[in-house]
>>> print(open('run_26.cif').read())   # mmCIF, C-alpha atoms
data_start
loop_
_atom_site.label_atom_id
_atom_site.label_comp_id
_atom_site.auth_asym_id
_atom_site.auth_seq_id
_atom_site.Cartn_x
_atom_site.Cartn_y
_atom_site.Cartn_z
CA MET A 1 -76.37 57.46 28.42
CA ARG A 2 -73.12 59.28 27.79
CA ARG A 3 -74.98 61.85 25.68
CA LEU A 4 -77.45 62.24 28.53
CA ALA A 5 -74.61 62.72 31.01
CA LEU A 6 -73.06 65.39 28.75
CA SER A 7 -76.39 67.17 28.47
CA LEU A 8 -76.79 67.09 32.23
CA ALA A 9 -73.29 68.44 32.71
CA LEU A 10 -73.99 71.36 30.38
CA ALA A 11 -77.35 72.04 31.95
CA PHE A 12 -75.98 72.06 35.48
CA ALA A 13 -72.80 73.96 34.68
CA ALA A 14 -74.59 77.30 34.68
CA MET A 15 -76.45 76.60 37.90
CA PRO A 16 -75.20 77.81 41.29
CA ALA A 17 -73.43 75.29 43.48
CA HIS A 18 -75.74 73.21 45.59
CA ALA A 19 -75.38 70.32 47.97
CA PHE A 20 -75.26 66.92 46.37
CA THR A 21 -77.98 64.52 47.41
CA VAL A 22 -78.21 60.79 47.01
CA GLU A 23 -81.55 61.29 45.31
CA ASP A 24 -79.93 63.53 42.69
CA TRP A 25 -77.14 61.02 42.18
CA LEU A 26 -79.55 58.16 41.59
CA ALA A 27 -81.44 60.34 39.07
CA HIS A 28 -78.18 61.12 37.20
CA LYS A 29 -78.36 64.76 38.28
CA VAL A 30 -74.83 64.84 39.69
CA PRO A 31 -72.62 65.21 36.61
CA ALA A 32 -69.42 64.83 38.62
CA ALA A 33 -70.48 61.29 39.51
CA GLU A 34 -71.22 60.19 35.95
CA PRO A 35 -68.63 57.97 34.19
CA GLU A 36 -66.11 59.86 32.12
CA VAL A 37 -65.02 56.99 29.86
CA ALA A 38 -67.37 55.30 27.42
CA TYR A 39 -67.19 51.53 27.01
CA ASP A 40 -68.46 49.95 23.80
CA GLY A 41 -67.60 46.29 24.43
CA ASP A 42 -69.78 43.41 25.51
CA PRO A 43 -71.87 43.81 28.68
CA VAL A 44 -70.37 42.46 31.90
CA THR A 45 -72.45 40.90 34.65
CA LEU A 46 -71.36 40.45 38.28
CA LYS A 47 -73.20 38.57 41.01
CA PHE A 48 -73.80 40.43 44.28
CA SER A 49 -75.04 38.51 47.30
CA SER A 50 -76.12 39.19 50.86
CA PRO A 51 -77.90 37.43 53.71
CA ASN A 52 -80.31 40.37 54.02
CA PRO A 53 -83.96 39.72 53.18
CA ALA A 54 -84.73 41.27 49.80
CA ALA A 55 -87.48 43.45 51.29
CA SER A 56 -85.28 44.90 54.05
CA LEU A 57 -83.70 48.34 54.07
CA VAL A 58 -80.24 47.67 52.69
CA PRO A 59 -81.22 45.72 49.54
CA GLU A 60 -83.58 48.57 48.67
CA VAL A 61 -80.61 50.96 48.59
CA TRP A 62 -78.38 48.45 46.81
CA THR A 63 -80.97 47.88 44.09
CA LYS A 64 -81.30 51.60 43.40
CA GLY A 65 -77.54 51.92 43.26
CA PHE A 66 -77.11 48.97 40.93
CA ASN A 67 -79.77 50.43 38.67
CA TRP A 68 -77.77 53.66 38.56
CA LEU A 69 -74.64 51.70 37.66
CA LYS A 70 -76.39 49.90 34.82
CA GLU A 71 -77.87 53.12 33.44
CA ALA A 72 -74.64 55.09 33.82
CA THR A 73 -72.75 52.50 31.77
CA ASP A 74 -75.43 52.13 29.08
CA GLY A 75 -76.20 48.64 30.31
CA LYS A 76 -72.58 47.55 30.05
CA LEU A 77 -72.09 46.78 33.77
CA VAL A 78 -74.93 44.82 35.32
CA ILE A 79 -75.15 43.58 38.91
CA GLU A 80 -77.35 40.54 39.53
CA GLU A 81 -78.62 40.48 43.11
CA TYR A 82 -78.99 37.43 45.32
CA HIS A 83 -80.38 38.27 48.75
CA GLY A 84 -81.88 36.39 51.66
CA GLY A 85 -78.93 34.02 51.98
CA THR A 86 -79.61 32.30 48.66
CA LEU A 87 -75.88 32.04 47.91
CA HIS A 88 -74.39 32.04 51.41
CA ALA A 89 -75.16 32.53 55.07
CA ALA A 90 -74.48 35.76 56.96
CA ALA A 91 -71.05 34.66 58.15
CA ASP A 92 -69.91 33.13 54.85
CA GLY A 93 -69.59 36.12 52.53
CA TRP A 94 -65.80 35.97 52.61
CA ARG A 95 -65.68 32.33 51.62
CA ALA A 96 -68.33 32.78 48.94
CA VAL A 97 -66.44 35.65 47.31
CA ARG A 98 -63.02 34.02 47.65
CA ASN A 99 -64.34 30.86 45.97
CA ARG A 100 -66.33 32.93 43.47
CA VAL A 101 -69.69 31.57 44.46
CA SER A 102 -70.36 35.30 44.34
CA ASP A 103 -68.35 38.05 42.66
CA TYR A 104 -69.17 40.74 45.20
CA ALA A 105 -70.93 40.42 48.53
CA ALA A 106 -71.79 41.63 51.99
CA CYS A 107 -68.84 40.33 54.02
CA TYR A 108 -69.29 41.15 57.69
CA THR A 109 -66.18 41.41 59.84
CA SER A 110 -68.51 41.30 62.87
CA TYR A 111 -68.79 37.53 62.48
CA GLU A 112 -65.03 37.02 62.26
CA GLY A 113 -63.01 36.21 65.35
CA SER A 114 -59.67 36.90 63.68
CA GLY A 115 -58.13 38.36 60.54
CA PHE A 116 -59.31 41.95 61.02
CA PRO A 117 -57.49 43.22 64.11
CA LEU A 118 -57.45 46.88 63.06
CA HIS A 119 -60.92 47.00 61.49
CA LYS A 120 -62.27 45.72 64.80
CA ALA A 121 -61.37 49.11 66.28
CA ILE A 122 -64.67 50.50 65.03
CA GLU A 123 -66.48 48.00 67.26
CA LEU A 124 -64.75 49.25 70.40
CA PRO A 125 -66.83 51.37 72.78
CA PHE A 126 -67.11 55.04 71.83
CA VAL A 127 -64.48 54.90 69.06
CA THR A 128 -66.71 55.37 66.01
CA PRO A 129 -68.13 58.89 65.56
CA ALA A 130 -71.84 59.23 66.25
CA ASN A 131 -72.39 60.89 62.85
CA PRO A 132 -72.73 57.77 60.65
CA VAL A 133 -71.99 59.41 57.28
CA ALA A 134 -68.93 61.14 58.72
CA ALA A 135 -67.81 57.82 60.17
CA THR A 136 -68.25 56.14 56.79
CA ARG A 137 -66.09 58.80 55.12
CA ILE A 138 -63.45 58.50 57.83
CA ILE A 139 -63.23 54.73 57.35
CA GLN A 140 -62.90 55.23 53.59
CA GLU A 141 -60.01 57.61 54.06
CA LEU A 142 -58.23 55.30 56.49
CA ALA A 143 -58.94 52.07 54.62
CA PRO A 144 -55.98 52.10 52.19
CA LYS A 145 -53.53 52.26 55.08
CA TYR A 146 -55.26 50.12 57.69
CA PHE A 147 -58.07 47.97 56.27
CA VAL A 148 -57.36 47.14 52.63
CA PRO A 149 -54.41 44.92 53.65
CA GLU A 150 -56.70 42.97 56.00
CA TRP A 151 -59.20 42.32 53.20
CA GLU A 152 -56.41 41.25 50.86
CA GLY A 153 -55.08 38.99 53.59
CA ARG A 154 -58.37 37.12 53.30
CA GLY A 155 -57.91 36.74 49.55
CA VAL A 156 -60.46 39.37 48.50
CA LEU A 157 -60.55 43.06 47.57
CA TYR A 158 -61.98 45.85 49.68
CA GLY A 159 -65.41 47.21 48.75
CA TYR A 160 -66.51 49.56 51.53
CA THR A 161 -67.62 49.80 55.13
CA ALA A 162 -70.87 51.69 55.63
CA ILE A 163 -71.75 52.73 59.16
CA ALA A 164 -75.43 52.03 59.75
CA GLY A 165 -75.36 53.66 63.15
CA VAL A 166 -73.74 53.48 66.56
CA SER A 167 -75.51 50.96 68.71
CA ASP A 168 -78.22 51.45 71.30
CA ILE A 169 -79.97 48.97 73.59
CA MET A 170 -83.48 47.51 73.52
CA SER A 171 -84.58 45.55 76.57
CA ASN A 172 -87.42 44.51 78.80
CA LYS A 173 -86.08 46.43 81.78
CA PRO A 174 -84.94 50.07 81.88
CA ILE A 175 -81.20 50.41 81.35
CA ARG A 176 -79.54 53.71 82.24
CA THR A 177 -76.20 52.77 83.77
CA PRO A 178 -73.74 49.89 83.45
CA GLU A 179 -75.11 48.49 86.71
CA ASP A 180 -78.50 48.07 85.05
CA ILE A 181 -77.14 45.77 82.34
CA ARG A 182 -74.80 43.72 84.54
CA GLY A 183 -75.63 40.03 84.57
CA LEU A 184 -77.85 40.13 81.47
CA ARG A 185 -77.62 37.93 78.37
CA VAL A 186 -77.30 40.32 75.46
CA ILE A 187 -77.43 39.74 71.70
CA ALA A 188 -74.61 41.79 70.20
CA GLN A 189 -72.73 41.11 66.99
CA GLY A 190 -69.08 42.05 66.86
CA PHE A 191 -69.14 43.19 70.48
CA PRO A 192 -65.66 43.02 72.02
CA PRO A 193 -65.45 40.30 74.68
CA GLU A 194 -63.37 42.65 76.81
CA ALA A 195 -66.23 45.18 76.78
CA ALA A 196 -68.69 42.45 77.69
CA GLU A 197 -66.47 41.46 80.60
CA ALA A 198 -66.17 45.06 81.75
CA LEU A 199 -69.96 45.40 81.73
CA GLY A 200 -70.52 41.98 83.31
CA ILE A 201 -72.76 40.71 80.50
CA THR A 202 -72.91 37.52 78.48
CA THR A 203 -73.00 38.29 74.75
CA LEU A 204 -74.67 36.09 72.14
CA ASN A 205 -73.46 36.49 68.54
CA ILE A 206 -76.69 35.41 66.87
CA PRO A 207 -77.14 36.03 63.10
CA PHE A 208 -79.56 38.88 62.61
CA PRO A 209 -82.29 36.86 60.85
CA GLU A 210 -82.57 34.82 64.07
CA ILE A 211 -82.50 37.64 66.62
CA TYR A 212 -86.27 38.11 66.89
CA THR A 213 -86.89 34.46 67.70
CA ALA A 214 -84.03 34.29 70.19
CA PHE A 215 -85.28 37.37 72.01
CA GLN A 216 -88.87 36.15 71.88
CA GLN A 217 -87.89 32.80 73.39
CA GLY A 218 -86.07 34.45 76.28
CA ILE A 219 -82.65 33.29 75.19
CA ALA A 220 -81.53 36.90 75.61
CA ASP A 221 -82.57 39.73 77.93
CA ALA A 222 -81.52 42.62 75.71
CA VAL A 223 -80.25 43.45 72.23
CA ILE A 224 -77.45 45.87 71.36
CA TRP A 225 -78.12 47.01 67.80
CA VAL A 226 -79.18 49.99 65.69
CA ASP A 227 -82.51 51.31 64.41
CA PRO A 228 -82.12 49.70 60.93
CA GLY A 229 -81.98 46.40 62.78
CA PHE A 230 -84.47 47.00 65.58
CA VAL A 231 -87.27 48.18 63.29
CA PRO A 232 -87.14 45.94 60.18
CA PHE A 233 -86.70 42.89 62.41
CA LYS A 234 -89.48 44.13 64.72
CA ILE A 235 -87.58 43.98 68.00
CA TYR A 236 -89.88 46.81 69.16
CA GLU A 237 -92.70 44.26 69.31
CA LEU A 238 -90.85 42.46 72.11
CA ALA A 239 -88.86 45.13 73.95
CA LYS A 240 -90.32 47.71 76.31
CA PHE A 241 -87.36 50.11 76.49
CA HIS A 242 -84.91 51.74 74.06
CA THR A 243 -81.77 53.30 75.54
CA SER A 244 -79.87 55.73 73.28
CA LEU A 245 -76.24 55.00 74.00
CA GLY A 246 -74.08 55.27 70.86
CA LEU A 247 -71.86 52.44 72.03
CA THR A 248 -70.23 50.58 69.14
CA ALA A 249 -70.39 50.78 65.35
CA GLN A 250 -72.88 48.64 63.49
CA HIS A 251 -71.52 48.33 59.99
CA ILE A 252 -72.07 46.77 56.59
CA ASP A 253 -68.90 45.59 54.89
CA THR A 254 -68.45 44.37 51.33
CA CYS A 255 -65.72 42.46 49.56
CA ILE A 256 -64.96 41.77 45.90
CA ASN A 257 -63.51 38.76 44.14
CA ARG A 258 -60.10 39.72 42.78
CA GLU A 259 -60.47 37.80 39.51
CA ALA A 260 -63.91 39.29 38.93
CA TYR A 261 -62.54 42.80 39.40
CA GLU A 262 -59.40 42.21 37.35
CA GLY A 263 -61.58 40.73 34.60
CA LEU A 264 -63.52 43.97 34.23
CA PRO A 265 -62.60 46.03 31.17
CA ASP A 266 -60.20 48.79 32.20
CA ALA A 267 -62.73 51.40 31.05
CA LEU A 268 -65.25 50.14 33.62
CA LYS A 269 -62.93 49.77 36.61
CA PRO A 270 -62.91 53.46 37.61
CA THR A 271 -66.69 53.58 37.43
CA PHE A 272 -67.03 50.44 39.54
CA GLY A 273 -64.48 51.77 42.03
CA ALA A 274 -66.11 55.19 42.44
CA PHE A 275 -69.47 53.47 42.80
CA GLN A 276 -68.26 51.66 45.94
CA GLN A 277 -67.70 54.95 47.74
CA ASN A 278 -70.95 56.52 46.57
CA ILE A 279 -73.14 53.54 47.41
CA GLY A 280 -71.38 53.17 50.76
CA HIS A 281 -72.40 56.73 51.58
CA ALA A 282 -75.94 56.10 50.31
CA VAL A 283 -76.33 53.04 52.56
CA SER A 284 -75.01 54.94 55.57
CA GLN A 285 -77.25 57.95 54.93
CA ARG A 286 -80.40 55.88 54.43
CA LEU A 287 -79.86 53.66 57.45
CA GLY A 288 -78.00 55.91 59.83
CA VAL A 289 -79.56 59.32 59.16
CA GLU A 290 -82.88 59.20 57.31
CA PHE A 291 -84.25 56.14 59.08
CA ARG A 292 -83.71 57.53 62.56
CA GLU A 293 -86.83 59.72 62.72
CA GLN A 294 -88.98 56.94 61.29
CA ALA A 295 -87.63 54.56 63.91
CA LEU A 296 -88.32 56.91 66.81
CA GLN A 297 -91.92 57.25 65.66
CA THR A 298 -92.27 53.47 65.37
CA TYR A 299 -91.06 53.03 68.95
CA ALA A 300 -93.50 55.65 70.20
CA ASP A 301 -96.39 54.11 68.28
CA ASN A 302 -95.67 50.73 69.86
CA GLY A 303 -95.37 51.91 73.42
CA VAL A 304 -91.60 51.60 73.71
CA GLU A 305 -90.18 53.94 76.36
CA LEU A 306 -87.31 56.02 74.97
CA ILE A 307 -84.52 56.53 77.49
CA GLU A 308 -82.16 59.47 76.94
CA LEU A 309 -79.18 59.46 79.28
CA ASN A 310 -78.12 62.53 81.20
CA ASP A 311 -74.46 63.62 81.29
CA GLU A 312 -73.72 61.74 84.51
CA GLU A 313 -75.19 58.52 83.14
CA LYS A 314 -73.27 58.86 79.87
CA GLN A 315 -70.04 59.35 81.78
CA SER A 316 -70.68 56.23 83.84
CA TRP A 317 -70.59 54.16 80.62
CA ARG A 318 -67.42 55.84 79.41
CA THR A 319 -65.71 55.36 82.75
CA ALA A 320 -66.61 51.66 82.79
CA LEU A 321 -65.36 51.09 79.24
CA GLU A 322 -62.36 53.41 78.85
CA PRO A 323 -59.89 50.72 80.01
CA VAL A 324 -61.11 48.42 77.22
CA LEU A 325 -59.81 50.76 74.52
CA GLU A 326 -56.45 51.29 76.18
CA ASP A 327 -55.98 47.55 76.72
CA TRP A 328 -56.85 46.94 73.06
CA ILE A 329 -54.32 49.51 71.90
CA GLU A 330 -51.57 48.01 74.03
CA ALA A 331 -52.35 44.48 72.86
CA ARG A 332 -52.35 45.43 69.17
CA GLU A 333 -49.19 47.51 69.56
CA ALA A 334 -47.51 44.47 71.13
CA GLU A 335 -48.39 42.60 67.92
CA GLY A 336 -46.63 45.27 65.90
CA LEU A 337 -49.82 46.94 64.67
CA PRO A 338 -50.29 50.74 64.57
CA ALA A 339 -53.33 50.73 66.83
CA ARG A 340 -52.75 54.04 68.60
CA GLU A 341 -52.03 55.74 65.30
CA LEU A 342 -55.33 54.42 63.94
CA ILE A 343 -57.31 55.74 66.92
CA ASP A 344 -55.53 59.08 66.67
CA ASP A 345 -56.39 59.25 62.95
CA ILE A 346 -60.06 58.52 63.68
CA ARG A 347 -60.12 61.29 66.31
CA ARG A 348 -58.35 63.72 63.97
CA LEU A 349 -60.79 63.13 61.12
CA GLU A 350 -63.77 63.21 63.47
CA ALA A 351 -62.76 66.73 64.45
CA GLU A 352 -62.76 67.62 60.75
CA TYR A 353 -65.92 65.84 59.58
CA GLY A 354 -67.97 65.08 62.69
CA ASP A 355 -70.31 68.08 62.39
CA MET A 356 -70.80 67.91 58.62
CA GLY A 357 -74.21 67.06 57.20
CA ALA A 358 -75.02 64.17 54.90
CA GLU A 359 -75.18 66.26 51.73
CA GLU A 360 -71.88 67.96 52.49
CA ILE A 361 -70.21 64.61 53.12
CA PHE A 362 -71.66 63.20 49.89
CA GLU A 363 -70.35 66.14 47.89
CA LEU A 364 -66.91 65.47 49.37
CA THR A 365 -67.20 61.79 48.50
CA VAL A 366 -68.10 62.53 44.88
CA ASN A 367 -65.60 65.34 44.30
CA GLU A 368 -62.71 63.95 46.34
CA PRO A 369 -62.92 60.15 46.19
CA VAL A 370 -60.37 58.20 48.19
CA GLU A 371 -57.63 56.61 46.13
CA GLY A 372 -56.05 53.22 46.79
CA LEU A 373 -59.17 51.29 47.79
CA LEU A 374 -59.02 49.07 44.67
CA PRO A 375 -56.16 48.30 42.30
CA ALA A 376 -55.84 50.93 39.58
CA ALA A 377 -56.70 50.04 35.99
CA GLN A 378 -53.64 49.29 33.87
#
>>> encode(input="run_26.cif", output="structure tokens")
Amino acid sequence: MRRLALSLALAFAAMPAHAFTVEDWLAHKVPAAEPEVAYDGDPVTLKFSSPNPAASLVPEVWTKGFNWLKEATDGKLVIEEYHGGTLHAAADGWRAVRNRVSDYAACYTSYEGSGFPLHKAIELPFVTPANPVAATRIIQELAPKYFVPEWEGRGVLYGYTAIAGVSDIMSNKPIRTPEDIRGLRVIAQGFPPEAAEALGITTLNIPFPEIYTAFQQGIADAVIWVDPGFVPFKIYELAKFHTSLGLTAQHIDTCINREAYEGLPDALKPTFGAFQQNIGHAVSQRLGVEFREQALQTYADNGVELIELNDEEKQSWRTALEPVLEDWIEAREAEGLPARELIDDIRRLEAEYGDMGAEEIFELTVNEPVEGLLPAAQ
């Protein structure tokens, strides 16, 4: 594989610069992403687990990425996948990784009531940039300062946070303003209780494999989620309306067992570390960018009315929810946490990256990976 990577590097060196694509990366056509250090020792196998059904969108991307990792290391680093909750439930990734039931897993902060006070900022209304791949890059850049310590405080190492989208609403009544949603029971994972109070809704933090049944049984009146949730879990079969709102980040977080990482040969650690950033982008691009058009067509085909808000309606949501962000900042600052600095950093980087396309962001991720996300090899 190393000889192949060298051949690719030579072949592409004479070509004009072009945007990097995830497809090229997975096909080993991005020389800059190929491992630079050969490893000739025994193969290493890590277990990766998630609650996601194996046939759903995210495992499809993970599998392709893990195949790339195996090929790029000549079969020396292999990831065994366990999906569908076979090793742990949706809320138990942290415990599973900490206790080494799994070496590496989907660990969702959305299910956690404490322990991630700064990471929860991305779930606040209108904080996370609407461009999901830009948001994923921004979180990567800010993670060493703000989020890595929170992961380590839970006894695990930071993998990545991939933004799957910024949430919209599906419901059985048209929702255009905050008044339309007031009084409803709404399924929403990781939704700030202060935002729910401001909107006058009751939120239900129901694990995503159970959302369809809960909505079908009338336990909830609406669902705040993203297209990669609405479509694979067939919420469009039940809901009549889809309101594009861009409210709060829906994200996929991963964590890594410290002993499993430290036990990797030093020659493989940089490859494993760079892979986290590349696969995080790939997940965000597939779910947050590429899937959007497919989802809109699915809604149309199933008779779902698509509601696009006008400027006045959009402002009504911001006006209703602006105090939630300021109250959160003041509360975290009172705890000694740099909350305002974090929000300012998100805004600053959004101005820099917010209008960049997926390929441009991926090229940045490959060529300028963020340092400090995982411990450096000795």
>>> resolve_selection(input="run_26.cif", expression="the PyMOL selection byres ((chain A and resi 178) around 9)", output="list of chain:residue names")
A:Ile175, A:Arg176, A:Thr177, A:Glu179, A:Asp180, A:Ile181, A:Arg182, A:Leu199, A:Gly200, A:Glu313, A:Ser316, A:Trp317, A:Ala320
>>> closest_residue(input="run_26.cif", among="A:Asn52, A:Asp327, A:Ala27, A:Gln216", to="Gly229 in chain A", atoms="all atoms listed in the file")
A:Asn52
>>> closest_residue(input="run_26.cif", among="A:Pro228, A:Gly155, A:Gly115, A:Pro59", to="Ala96 in chain A", atoms="only C-alpha atoms")
A:Gly155
>>> resolve_selection(input="run_26.cif", expression="the PyMOL selection byres ((chain A and resi 116-129) around 6)", output="number ranges by chain")
A: 114-115, 130-131, 135, 150, 247-249
>>> residues_around(input="run_26.cif", residues="Ala300 in chain A", least_positions_apart="2", cutoff="12 Å", atoms="all atoms listed in the file", output="PyMOL selection string")
chain A and resi 231+236-237+240-242+293-298+302-307
>>> closest_residue(input="run_26.cif", among="A:Val186, A:Ala376, A:Leu245, A:Leu349", to="Glu308 in chain A", atoms="all atoms listed in the file")
A:Leu245
